[in-house]
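Below is the file data.pdb, which contains PDB, C-alpha atoms.
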```
ATOM      1  CA  MET A 998     137.310  81.497  52.896
ATOM      2  CA  THR A 999     139.132  81.716  49.683
ATOM      3  CA  ARG A1000     138.734  84.593  47.317
ATOM      4  CA  THR A1001     136.812  82.530  44.777
ATOM      5  CA  ALA A1002     134.261  81.273  47.333
ATOM      6  CA  LEU A1003     133.667  84.770  48.702
ATOM      7  CA  GLY A1004     131.796  85.994  45.589
ATOM      8  CA  PRO A1005     128.907  83.462  45.688
ATOM      9  CA  PHE A1006     128.687  83.887  49.453
ATOM     10  CA  LEU A1007     128.205  87.645  49.093
ATOM     11  CA  ILE A1008     125.536  87.140  46.415
ATOM     12  CA  VAL A1009     123.632  84.729  48.671
ATOM     13  CA  ALA A1010     124.013  87.141  51.600
ATOM     14  CA  PHE A1011     122.635  90.099  49.600
ATOM     15  CA  VAL A1012     119.668  88.031  48.327
ATOM     16  CA  ALA A1013     118.917  86.861  51.874
ATOM     17  CA  LEU A1014     119.209  90.449  53.118
ATOM     18  CA  ALA A1015     116.748  91.644  50.461
ATOM     19  CA  ILE A1016     114.244  88.945  51.397
ATOM     20  CA  VAL A1017     114.654  89.579  55.107
ATOM     21  CA  SER A1018     114.500  93.358  54.722
ATOM     22  CA  GLY A1019     111.158  93.089  52.906
ATOM     23  CA  GLY A1020     109.861  90.944  55.728
ATOM     24  CA  LEU A1021     111.442  93.280  58.255
ATOM     25  CA  LEU A1022     109.794  96.264  56.612
ATOM     26  CA  GLN A1023     106.418  94.536  56.780
ATOM     27  CA  PHE A1024     107.039  93.610  60.405
ATOM     28  CA  VAL A1025     107.976  97.184  61.336
ATOM     29  CA  PHE A1026     104.807  98.495  59.686
ATOM     30  CA  LEU A1027     102.305  95.806  60.655
ATOM     31  CA  TYR A1028     103.367  94.961  64.231
ATOM     32  CA  PRO A1029     102.414  98.352  65.788
ATOM     33  CA  LEU A1030      99.183  98.346  63.814
ATOM     34  CA  PHE A1031      98.301  94.850  65.033
ATOM     35  CA  MET A1032      99.325  95.593  68.635
ATOM     36  CA  SER A1033      97.306  98.832  68.807
ATOM     37  CA  PHE A1034      94.249  96.931  67.594
ATOM     38  CA  LEU A1035      94.925  94.222  70.190
ATOM     39  CA  TRP A1036      95.239  96.795  73.019
ATOM     40  CA  ILE A1037      92.005  98.547  71.989
ATOM     41  CA  VAL A1038      90.080  95.269  71.877
ATOM     42  CA  GLY A1039      91.605  94.120  75.172
ATOM     43  CA  GLY A1040      90.843  97.399  76.929
ATOM     44  CA  THR A1041      87.267  97.408  75.678
ATOM     45  CA  TYR A1042      86.771  93.808  76.807
ATOM     46  CA  TYR A1043      88.266  94.565  80.235
ATOM     47  CA  TYR A1044      85.990  97.574  80.724
ATOM     48  CA  TYR A1045      82.774  95.802  79.767
ATOM     49  CA  HIS A1046      83.612  92.553  81.561
ATOM     50  CA  TRP A1047      85.151  93.810  84.821
ATOM     51  CA  GLU A1048      84.787  97.537  85.468
ATOM     52  CA  ARG A1049      81.325  98.410  84.248
ATOM     53  CA  HIS A1050      79.568  96.036  86.637
ATOM     54  CA  GLY A1051      81.558  96.977  89.728
ATOM     55  CA  VAL A1052      79.888  98.071  92.955
ATOM     56  CA  ARG A1053      80.105 101.822  93.359
ATOM     57  CA  ALA A1054      80.142 103.371  96.817
ATOM     58  CA  THR A1055      77.513 106.064  97.303
ATOM     59  CA  SER A1056      79.100 107.599 100.382
ATOM     60  CA  PRO A1057      82.364 107.165 102.256
ATOM     61  CA  PRO A1058      82.426 104.706 105.152
ATOM     62  CA  ILE A1059      81.691 105.996 108.643
ATOM     63  CA  ILE A1060      84.786 105.902 110.851
ATOM     64  CA  GLU A1061      84.332 105.221 114.549
ATOM     65  CA  ASN A1062      86.365 107.610 116.730
ATOM     66  CA  ALA A1063      87.522 109.649 113.750
ATOM     67  CA  PRO A1064      90.726 111.572 114.512
ATOM     68  CA  LEU A1065      90.734 115.366 114.358
ATOM     69  CA  VAL A1066      91.792 116.696 110.961
ATOM     70  CA  SER A1067      92.853 120.319 110.547
ATOM     71  CA  VAL A1068      92.456 121.983 107.166
ATOM     72  CA  LEU A1069      94.874 124.900 106.847
ATOM     73  CA  ILE A1070      93.986 127.671 104.398
ATOM     74  CA  PRO A1071      96.555 130.474 104.005
ATOM     75  CA  CYS A1072      94.966 133.738 102.839
ATOM     76  CA  PHE A1073      96.633 136.888 101.538
ATOM     77  CA  ASN A1074      94.427 139.557  99.935
ATOM     78  CA  GLU A1075      91.746 137.010  99.081
ATOM     79  CA  THR A1076      88.594 139.036  99.766
ATOM     80  CA  ARG A1077      86.933 137.902  96.524
ATOM     81  CA  ASN A1078      87.585 134.161  97.036
ATOM     82  CA  VAL A1079      87.884 133.564 100.760
ATOM     83  CA  THR A1080      84.164 133.102 101.509
ATOM     84  CA  GLU A1081      83.711 130.475  98.800
ATOM     85  CA  THR A1082      86.891 128.652  99.828
ATOM     86  CA  ILE A1083      86.032 128.564 103.531
ATOM     87  CA  LEU A1084      82.441 127.441 102.888
ATOM     88  CA  ALA A1085      83.688 124.639 100.613
ATOM     89  CA  ALA A1086      86.088 123.460 103.307
ATOM     90  CA  ILE A1087      83.429 123.620 106.045
ATOM     91  CA  SER A1088      80.902 121.656 103.989
ATOM     92  CA  GLN A1089      82.990 118.478 104.155
ATOM     93  CA  THR A1090      81.274 115.306 105.354
ATOM     94  CA  TYR A1091      84.116 114.110 107.584
ATOM     95  CA  ALA A1092      82.957 113.843 111.196
ATOM     96  CA  ASN A1093      85.796 115.442 113.162
ATOM     97  CA  PHE A1094      87.573 118.359 111.480
ATOM     98  CA  GLU A1095      88.410 122.007 111.914
ATOM     99  CA  VAL A1096      89.295 124.693 109.398
ATOM    100  CA  ILE A1097      92.103 127.079 110.274
ATOM    101  CA  ALA A1098      92.294 130.165 108.056
ATOM    102  CA  ILE A1099      95.598 132.018 108.271
ATOM    103  CA  ASP A1100      95.367 135.706 107.348
ATOM    104  CA  ASP A1101      98.907 136.410 106.218
ATOM    105  CA  GLY A1102      98.968 140.181 106.788
ATOM    106  CA  SER A1103      96.372 141.044 104.147
ATOM    107  CA  SER A1104      96.020 144.689 103.198
ATOM    108  CA  ASP A1105      92.406 144.329 102.038
ATOM    109  CA  THR A1106      89.321 143.206 103.984
ATOM    110  CA  THR A1107      90.238 139.515 104.101
ATOM    111  CA  GLY A1108      90.683 139.597 107.887
ATOM    112  CA  ALA A1109      87.255 141.168 108.457
ATOM    113  CA  VAL A1110      85.574 138.622 106.164
ATOM    114  CA  LEU A1111      87.275 135.776 108.047
ATOM    115  CA  ASP A1112      86.213 137.220 111.412
ATOM    116  CA  ARG A1113      82.599 137.455 110.168
ATOM    117  CA  LEU A1114      82.722 133.821 108.991
ATOM    118  CA  THR A1115      84.097 132.759 112.398
ATOM    119  CA  LEU A1116      80.921 134.039 114.062
ATOM    120  CA  GLU A1117      78.763 131.953 111.697
ATOM    121  CA  HIS A1118      80.749 128.688 111.689
ATOM    122  CA  PRO A1119      82.055 127.166 114.941
ATOM    123  CA  ARG A1120      84.516 124.844 113.123
ATOM    124  CA  LEU A1121      86.437 127.822 111.732
ATOM    125  CA  ARG A1122      89.423 129.324 113.522
ATOM    126  CA  VAL A1123      91.315 132.349 112.233
ATOM    127  CA  VAL A1124      94.933 133.310 112.869
ATOM    128  CA  HIS A1125      95.999 136.852 111.943
ATOM    129  CA  PHE A1126      99.598 137.782 111.114
ATOM    130  CA  LEU A1127     100.600 141.449 111.190
ATOM    131  CA  THR A1128     102.914 141.239 108.174
ATOM    132  CA  ASN A1129     102.976 139.092 105.064
ATOM    133  CA  GLN A1130     105.439 136.262 105.603
ATOM    134  CA  GLY A1131     104.530 134.042 102.659
ATOM    135  CA  LYS A1132     102.403 130.969 102.198
ATOM    136  CA  ALA A1133     105.080 128.522 103.338
ATOM    137  CA  MET A1134     105.646 130.381 106.599
ATOM    138  CA  ALA A1135     101.893 130.628 107.196
ATOM    139  CA  LEU A1136     101.571 126.855 106.876
ATOM    140  CA  ARG A1137     104.555 126.148 109.144
ATOM    141  CA  MET A1138     103.772 128.472 112.059
ATOM    142  CA  GLU A1139     102.984 126.854 115.378
ATOM    143  CA  LEU A1140      99.689 127.955 116.851
TER     144      LEU A1140
END
```

Produce structure tokens that represent the structure in this file.
Amino acid sequence: MTRTALGPFLIVAFVALAIVSGGLLQFVFLYPLFMSFLWIVGGTYYYYHWERHGVRATSPPIIENAPLVSVLIPCFNETRNVTETILAAISQTYANFEVIAIDDGSSDTTGAVLDRLTLEHPRLRVVHFLTNQGKAMALRMEL
């Protein structure tokens, strides 16, 4: 372009930029507002049309020949909480499971509480370690 034609071109470019920037500013402000409204309406419609009327299961399905599941509970100085934890694990509705409590060298009465619970609940087994080896080691030990 020649130097004389460059002036009107720049004026037209600046006017176009001002018009576009006003539109761009409106787009930047209004698009998120519109899209958030659209997502709220769409989510509400989806919930009331599809999810609210779904069939809800009242109990888990019964499994024929259910495999044995072992629930491992490492315990270290847990006298205050161990009874509640063990009873919650034993009250599961799964057909074939056992609870193995691992006393990791507790210095309080955790071992005695676990031994008392073993007499009351046949699904509970207790393993006693002489020294504290940590939770990871208690979960990895072979019985």

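For A:Asp1100, the non-local neighbours within 6 Å, defined as residues at least 2 positions apart in the same chain or in other chains and counting only C-alpha atoms, are Cys1072, Gly1102 and His1125 of chain A.
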
Test item: which residues lie within 10 Å of (89.0, 128.9, 109.9) counting all atoms listed in the file, as a PyMOL selection string
chain A and resi 1067-1071+1083-1084+1086-1087+1095-1100+1111-1112+1114-1115+1118-1124

Taking all atoms of stretch 1043-1048 of chain A that appear in the file, build a box with edges along x, y and z, extend it by 3 Å on every side, and state its centre and edge lengths in Å to one decimal, as JSON.
```
{"center_x": 85.5, "center_y": 95.1, "center_z": 82.6, "size_x": 11.5, "size_y": 11.0, "size_z": 11.7}
```

For A:Phe1094, the closest of A:Gly1040, A:Leu1035, A:Val1066, A:Thr1080 counting all atoms listed in the file is A:Val1066

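Note that the spacing between atom CA of A:Lys1132 and atom CA of A:Asp1105 amounts to 16.7 Å.
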
As a check of understanding: the span from atom CA of A:Gly1108 to atom CA of A:Asn1074 is 8.8 Å

Separation of atom CA of A:Ala1092 and atom CA of A:Pro1058, in Å?
11.0 Å
